>>> print(open('query_13.cif').read())   # mmCIF, C-alpha atoms
data_coords
loop_
_atom_site.label_atom_id
_atom_site.label_comp_id
_atom_site.auth_asym_id
_atom_site.auth_seq_id
_atom_site.Cartn_x
_atom_site.Cartn_y
_atom_site.Cartn_z
CA MET L 394 0.00 0.00 0.00
CA LYS L 395 2.98 2.31 0.59
CA TRP L 396 3.98 2.28 -3.08
CA SER L 397 0.50 3.39 -4.15
CA SER L 398 0.50 6.36 -1.76
CA LYS L 399 4.01 7.29 -2.95
CA TYR L 400 2.87 7.23 -6.59
CA PHE L 401 -0.26 9.16 -5.66
CA ILE L 402 1.85 11.91 -4.03
CA ASN L 403 4.25 11.97 -7.00
CA GLY L 404 1.26 12.26 -9.33
CA LEU L 405 -0.09 15.20 -7.34
CA ILE L 406 3.31 16.91 -7.42
CA VAL L 407 3.32 16.68 -11.23
CA ILE L 408 -0.37 17.37 -11.93
CA VAL L 409 -1.23 20.12 -9.41
CA PRO L 410 1.18 22.82 -10.73
CA ILE L 411 0.12 22.07 -14.33
CA ALA L 412 -3.58 22.12 -13.40
CA ILE L 413 -3.29 25.39 -11.45
CA THR L 414 -1.29 27.07 -14.24
CA THR L 415 -3.76 25.89 -16.89
CA PHE L 416 -6.74 26.95 -14.78
CA VAL L 417 -5.32 30.44 -14.16
CA ILE L 418 -4.37 31.02 -17.82
CA ILE L 419 -7.72 29.78 -19.17
CA ASN L 420 -9.65 31.92 -16.69
CA ILE L 421 -7.58 35.03 -17.41
CA PHE L 422 -8.18 34.70 -21.15
CA SER L 423 -11.84 33.77 -20.67
CA PHE L 424 -12.42 36.80 -18.43
CA THR L 425 -10.60 39.05 -20.90
CA GLU L 426 -12.67 37.69 -23.81
CA GLN L 427 -15.92 38.39 -21.92
CA LEU L 428 -14.80 41.87 -20.93
CA LEU L 429 -13.71 42.75 -24.46
CA GLY L 430 -16.93 41.33 -25.91
CA GLN L 431 -18.98 43.68 -23.73
CA TYR L 432 -17.05 46.89 -24.35
CA LEU L 433 -15.39 46.60 -27.76
CA PRO L 434 -17.30 46.58 -31.06
CA ILE L 435 -14.52 44.62 -32.81
CA HIS L 436 -13.39 41.12 -32.02
CA PHE L 437 -10.90 38.72 -33.62
CA PRO L 438 -9.08 35.55 -32.50
CA GLY L 439 -6.06 36.34 -30.36
CA LEU L 440 -7.31 39.75 -29.21
CA SER L 441 -7.43 38.64 -25.58
CA LEU L 442 -3.83 37.38 -25.80
CA ILE L 443 -2.65 40.76 -27.13
CA VAL L 444 -4.60 42.64 -24.45
CA VAL L 445 -3.27 40.44 -21.59
CA LEU L 446 0.34 40.76 -22.77
CA PHE L 447 -0.09 44.53 -23.19
CA LEU L 448 -1.62 44.78 -19.70
CA ILE L 449 1.29 42.83 -18.15
CA VAL L 450 3.83 45.17 -19.80
CA ILE L 451 1.87 48.27 -18.70
CA VAL L 452 1.63 47.04 -15.09
CA GLY L 453 5.36 46.23 -15.12
CA TRP L 454 6.14 49.71 -16.46
CA LEU L 455 3.85 51.44 -13.96
CA SER L 456 5.26 49.42 -11.05
CA SER L 457 8.68 50.96 -11.68
CA HIS L 458 7.27 54.42 -10.79
CA TRP L 459 7.39 55.54 -7.16
CA LEU L 460 3.67 56.32 -6.78
CA LEU L 461 2.50 52.85 -7.81
CA GLN L 462 5.30 51.30 -5.75
CA LYS L 463 3.83 53.06 -2.70
CA VAL L 464 0.35 51.73 -3.56
CA ILE L 465 1.70 48.20 -4.09
CA GLY L 466 3.63 48.44 -0.81
CA TYR L 467 0.46 49.48 1.03
CA GLY L 468 -1.48 46.62 -0.60
CA GLU L 469 1.20 44.11 0.41
CA ARG L 470 1.15 45.36 4.00
CA LEU L 471 -2.64 44.98 3.99
CA VAL L 472 -2.40 41.42 2.64
CA GLY L 473 0.37 40.75 5.19
CA SER L 474 -2.05 41.40 8.02
CA ILE L 475 -4.32 38.47 7.02
CA PRO L 476 -2.79 35.27 8.51
CA VAL L 477 -3.47 32.54 5.89
CA VAL L 478 -3.49 34.89 2.88
CA LYS L 479 -0.14 36.33 4.03
CA PHE L 480 1.51 32.90 3.94
CA ILE L 481 0.14 32.03 0.48
CA TYR L 482 0.91 35.44 -1.05
CA ASN L 483 4.46 35.62 0.35
CA SER L 484 5.25 32.06 -0.78
CA VAL L 485 3.97 32.66 -4.32
CA LYS L 486 5.75 36.02 -4.54
CA GLN L 487 9.09 34.60 -3.41
CA ILE L 488 8.88 31.71 -5.87
CA SER L 489 7.85 34.04 -8.71
CA THR L 490 10.67 36.45 -7.93
CA ALA L 491 13.22 33.64 -7.82
CA VAL L 492 12.05 32.18 -11.12
CA PHE L 493 11.50 35.38 -13.11
CA GLU L 494 14.35 37.53 -11.82
CA SER L 495 17.11 34.97 -11.43
CA GLN L 496 18.72 34.18 -14.75
CA GLU L 497 21.09 31.80 -12.94
CA LEU L 498 18.44 29.38 -11.65
CA LEU L 499 19.33 25.80 -12.71
CA LYS L 500 22.25 27.14 -14.77
CA HIS L 501 25.36 25.95 -12.92
CA ALA L 502 25.48 22.15 -13.03
CA VAL L 503 27.76 20.45 -10.52
CA LEU L 504 28.52 17.02 -9.08
CA VAL L 505 28.04 16.56 -5.34
CA PRO L 506 28.54 13.62 -2.95
CA TYR L 507 24.92 12.56 -2.55
CA PRO L 508 23.16 10.59 -1.00
CA HIS L 509 26.42 9.53 0.75
CA PRO L 510 30.18 9.93 0.31
CA GLY L 511 31.65 7.85 -2.47
CA VAL L 512 28.85 8.47 -4.98
CA LYS L 513 28.07 11.56 -7.01
CA ALA L 514 24.79 13.16 -8.06
CA LEU L 515 24.18 15.94 -10.56
CA GLY L 516 22.81 19.11 -9.01
CA PHE L 517 22.45 22.83 -9.61
CA VAL L 518 24.03 25.58 -7.52
CA MET L 519 21.34 27.77 -5.97
CA PRO L 520 21.56 31.42 -4.83
CA GLU L 521 24.05 32.36 -2.11
CA LEU L 522 23.23 31.30 1.43
CA SER L 523 21.50 33.87 3.60
CA VAL L 524 23.38 35.27 6.61
CA PRO L 525 21.49 33.18 9.24
CA LEU L 526 22.56 30.00 7.42
CA ALA L 527 26.07 31.07 6.39
CA ASP L 528 26.90 32.13 9.97
CA LYS L 529 26.43 28.56 11.18
CA PHE L 530 29.48 27.32 9.23
CA THR L 531 33.19 27.94 9.77
CA GLU L 532 33.97 27.54 6.05
CA GLU L 533 32.18 28.48 2.84
CA HIS L 534 29.12 26.35 2.14
CA VAL L 535 26.88 26.24 -0.92
CA CYS L 536 23.25 25.27 -1.43
CA VAL L 537 22.75 22.75 -4.24
CA PHE L 538 19.43 21.48 -5.60
CA VAL L 539 19.60 17.80 -6.51
CA PRO L 540 16.52 17.07 -8.68
CA MET L 541 14.87 13.67 -8.88
CA SER L 542 15.15 11.86 -12.19
CA LEU L 543 12.13 12.19 -14.52
CA ASN L 544 10.67 14.92 -12.30
CA LEU L 545 12.26 18.37 -11.94
CA THR L 546 9.47 19.52 -9.62
CA SER L 547 10.88 17.52 -6.72
CA GLY L 548 14.31 16.91 -5.30
CA PHE L 549 16.50 17.83 -2.37
CA ASN L 550 18.22 21.05 -1.31
CA ILE L 551 21.50 20.15 0.32
CA ILE L 552 24.04 22.47 1.93
CA LEU L 553 27.63 21.30 1.69
CA PRO L 554 31.17 22.72 1.78
CA SER L 555 32.14 24.37 -1.50
CA ARG L 556 35.30 22.17 -1.57
CA ASP L 557 33.04 19.10 -2.07
CA ILE L 558 31.49 20.51 -5.25
CA ILE L 559 32.82 19.50 -8.67
CA PRO L 560 31.88 22.12 -11.31
CA LEU L 561 30.78 20.74 -14.68
CA ASP L 562 31.55 22.39 -18.01
CA VAL L 563 28.24 21.37 -19.57
CA THR L 564 25.28 23.25 -21.03
CA SER L 565 22.40 23.78 -18.62
CA GLU L 566 19.98 22.38 -21.22
CA SER L 567 21.88 19.10 -21.52
CA ALA L 568 22.19 18.84 -17.73
CA LEU L 569 18.40 19.22 -17.46
CA GLN L 570 17.90 16.64 -20.22
CA TYR L 571 20.14 14.25 -18.28
CA VAL L 572 17.90 14.59 -15.22
CA ILE L 573 14.59 14.44 -17.12
CA THR L 574 15.62 11.33 -19.10
CA ALA L 575 17.09 9.57 -16.04
CA GLY L 576 20.54 9.55 -17.64
CA ALA L 577 19.49 8.32 -21.09
CA ILE L 578 20.86 11.57 -22.57
CA MET L 579 24.29 12.43 -21.20
CA PRO L 580 25.32 16.06 -20.59
CA ARG L 581 27.27 17.80 -23.38
CA SER L 582 30.15 20.22 -22.89
CA ASN L 583 29.67 23.94 -23.43
CA ASP L 584 31.91 23.97 -26.50
CA SER L 585 30.03 21.07 -28.14
CA ASN L 586 28.10 21.91 -31.31
CA ASN L 587 25.90 18.80 -31.12
#
>>> encode(input="query_13.cif", output="structure tokens")
Amino acid sequence: MKWSSKYFINGLIVIVPIAITTFVIINIFSFTEQLLGQYLPIHFPGLSLIVVLFLIVIVGWLSSHWLLQKVIGYGERLVGSIPVVKFIYNSVKQISTAVFESQELLKHAVLVPYPHPGVKALGFVMPELSVPLADKFTEEHVCVFVPMSLNLTSGFNIILPSRDIIPLDVTSESALQYVITAGAIMPRSNDSNN
């Protein structure tokens, strides 16, 4: 019975993010289509896509101005005063910021001794340790994400001395392919044309 619950959890880990993303995108475009249908005399396929993309760019542009930053800051403080909503909003915001702002996420492939000394696993160097974590070590340590084969949405974050890390001169795409295919496609070097 344990194997079925494990597979059930793994299935949820894969399906839930896809389902939520699909649900949000479909509802955004559906809402936009309805809104445009009520207020615009013209309509053509793809209009909602253009409007949503334009709206995202406009909001991004406006958010760089000090007045809207003040309004957003006030709104975030308001949301931060609601216990459960605060947790959900802050978690989603931190993940979004990490994914959209960090160009280095899952870029630096390395080998690390995992799950025990004597063996090596492929992982990706994560952002620098925060002060509360770094202060606990007498030498430099690094956070490495070791993804599970066939499933990049789960894995393990391990913190280990930087001397134990073996940098790899491989493309990030081929390192990801290696993980996704469970080693069927081996990583290629950065200077490889294949």
>>> atom_distance(input="query_13.cif", atom1="CA of Asn583 in chain L", atom2="CA of Leu569 in chain L")
13.6 Å
>>> closest_residue(input="query_13.cif", among="L:Leu428, L:Val444, L:Ala514, L:Ile421", to="Pro540 in chain L", atoms="all atoms listed in the file")
L:Ala514
>>> closest_residue(input="query_13.cif", among="L:Val512, L:Lys500, L:Asn483, L:Ser441", to="Ser567 in chain L", atoms="only C-alpha atoms")
L:Lys500
>>> residues_around(input="query_13.cif", residues="Asn550 in chain L", least_positions_apart="6", cutoff="9 Å", atoms="all atoms listed in the file", output="PDB file with C-alpha atoms, in the frame of the given file")
ATOM      1  CA  MET L 519      21.340  27.770  -5.970  1.00  0.00           C
ATOM      2  CA  CYS L 536      23.250  25.270  -1.430  1.00  0.00           C
ATOM      3  CA  VAL L 537      22.750  22.750  -4.240  1.00  0.00           C
ATOM      4  CA  PHE L 538      19.430  21.480  -5.600  1.00  0.00           C
ATOM      5  CA  VAL L 539      19.600  17.800  -6.510  1.00  0.00           C
ATOM      6  CA  PRO L 540      16.520  17.070  -8.680  1.00  0.00           C
TER       7      PRO L 540
END
>>> residues_around(input="query_13.cif", residues="Val563 in chain L", least_positions_apart="2", cutoff="9 Å", atoms="only C-alpha atoms", output="PyMOL selection string")
chain L and resi 501-502+561+565-568+580-585
>>> axis_aligned_box(input="query_13.cif", around="range 527-535 of chain L", padding_each_side="5 Å", output="JSON")
{"center_x": 30.0, "center_y": 29.2, "center_z": 5.1, "size_x": 17.9, "size_y": 15.9, "size_z": 22.1}
>>> build_atoms(input="query_13.cif", residues="range 551-582 of chain L", atoms="N, CA and C atoms", output="short mmCIF file (atom, residue, chain, number, x, y, z; two decimals), in the frame of the given file")
data_model
loop_
_atom_site.label_atom_id
_atom_site.label_comp_id
_atom_site.auth_asym_id
_atom_site.auth_seq_id
_atom_site.Cartn_x
_atom_site.Cartn_y
_atom_site.Cartn_z
N ILE L 551 20.48 20.55 -0.65
CA ILE L 551 21.50 20.15 0.32
C ILE L 551 22.50 21.30 0.47
N ILE L 552 23.03 21.45 1.67
CA ILE L 552 24.04 22.47 1.93
C ILE L 552 25.33 21.73 2.27
N LEU L 553 26.38 22.01 1.50
CA LEU L 553 27.63 21.30 1.69
C LEU L 553 28.81 22.24 1.48
N PRO L 554 29.99 21.86 1.97
CA PRO L 554 31.17 22.72 1.78
C PRO L 554 31.46 22.90 0.30
N SER L 555 31.88 24.10 -0.08
CA SER L 555 32.14 24.37 -1.50
C SER L 555 33.29 23.50 -2.02
N ARG L 556 34.19 23.03 -1.13
CA ARG L 556 35.30 22.17 -1.57
C ARG L 556 34.81 20.80 -2.06
N ASP L 557 33.58 20.40 -1.66
CA ASP L 557 33.04 19.10 -2.07
C ASP L 557 32.33 19.15 -3.41
N ILE L 558 32.22 20.35 -4.00
CA ILE L 558 31.49 20.51 -5.25
C ILE L 558 32.45 20.39 -6.43
N ILE L 559 32.04 19.63 -7.44
CA ILE L 559 32.82 19.50 -8.67
C ILE L 559 32.06 20.22 -9.78
N PRO L 560 32.56 21.39 -10.23
CA PRO L 560 31.88 22.12 -11.31
C PRO L 560 31.92 21.32 -12.62
N LEU L 561 30.85 21.43 -13.39
CA LEU L 561 30.78 20.74 -14.68
C LEU L 561 30.76 21.77 -15.81
N ASP L 562 31.54 21.52 -16.84
CA ASP L 562 31.55 22.39 -18.01
C ASP L 562 30.57 21.83 -19.04
N VAL L 563 29.29 21.91 -18.68
CA VAL L 563 28.24 21.37 -19.57
C VAL L 563 27.16 22.43 -19.75
N THR L 564 26.38 22.31 -20.82
CA THR L 564 25.28 23.25 -21.03
C THR L 564 24.18 22.95 -20.02
N SER L 565 23.49 23.99 -19.58
CA SER L 565 22.40 23.78 -18.62
C SER L 565 21.29 22.95 -19.23
N GLU L 566 21.04 23.14 -20.56
CA GLU L 566 19.98 22.38 -21.22
C GLU L 566 20.28 20.89 -21.21
N SER L 567 21.55 20.52 -21.49
CA SER L 567 21.88 19.10 -21.52
C SER L 567 21.89 18.50 -20.12
N ALA L 568 22.24 19.32 -19.11
CA ALA L 568 22.19 18.84 -17.73
C ALA L 568 20.74 18.56 -17.33
N LEU L 569 19.83 19.44 -17.74
CA LEU L 569 18.40 19.22 -17.46
C LEU L 569 17.88 18.00 -18.20
N GLN L 570 18.32 17.82 -19.45
CA GLN L 570 17.90 16.64 -20.22
C GLN L 570 18.38 15.36 -19.54
N TYR L 571 19.59 15.41 -19.00
CA TYR L 571 20.14 14.25 -18.28
C TYR L 571 19.22 13.85 -17.12
N VAL L 572 18.77 14.86 -16.37
CA VAL L 572 17.90 14.59 -15.22
C VAL L 572 16.54 14.09 -15.68
N ILE L 573 15.94 14.78 -16.66
CA ILE L 573 14.59 14.44 -17.12
C ILE L 573 14.54 13.05 -17.73
N THR L 574 15.61 12.64 -18.43
CA THR L 574 15.62 11.33 -19.10
C THR L 574 16.25 10.23 -18.25
N ALA L 575 16.50 10.53 -16.97
CA ALA L 575 17.09 9.57 -16.04
C ALA L 575 18.43 9.05 -16.54
N GLY L 576 19.20 9.92 -17.19
CA GLY L 576 20.54 9.55 -17.64
C GLY L 576 20.61 8.97 -19.03
N ALA L 577 19.48 8.86 -19.72
CA ALA L 577 19.49 8.32 -21.09
C ALA L 577 20.22 9.26 -22.04
N ILE L 578 20.13 10.58 -21.78
CA ILE L 578 20.86 11.57 -22.57
C ILE L 578 21.93 12.17 -21.67
N MET L 579 23.18 11.94 -22.02
CA MET L 579 24.29 12.43 -21.20
C MET L 579 24.56 13.91 -21.45
N PRO L 580 25.03 14.63 -20.43
CA PRO L 580 25.32 16.06 -20.59
C PRO L 580 26.42 16.30 -21.63
N ARG L 581 26.29 17.41 -22.37
CA ARG L 581 27.27 17.80 -23.38
C ARG L 581 28.06 19.00 -22.88
N SER L 582 29.30 19.10 -23.32
CA SER L 582 30.15 20.22 -22.89
C SER L 582 29.68 21.51 -23.53
#
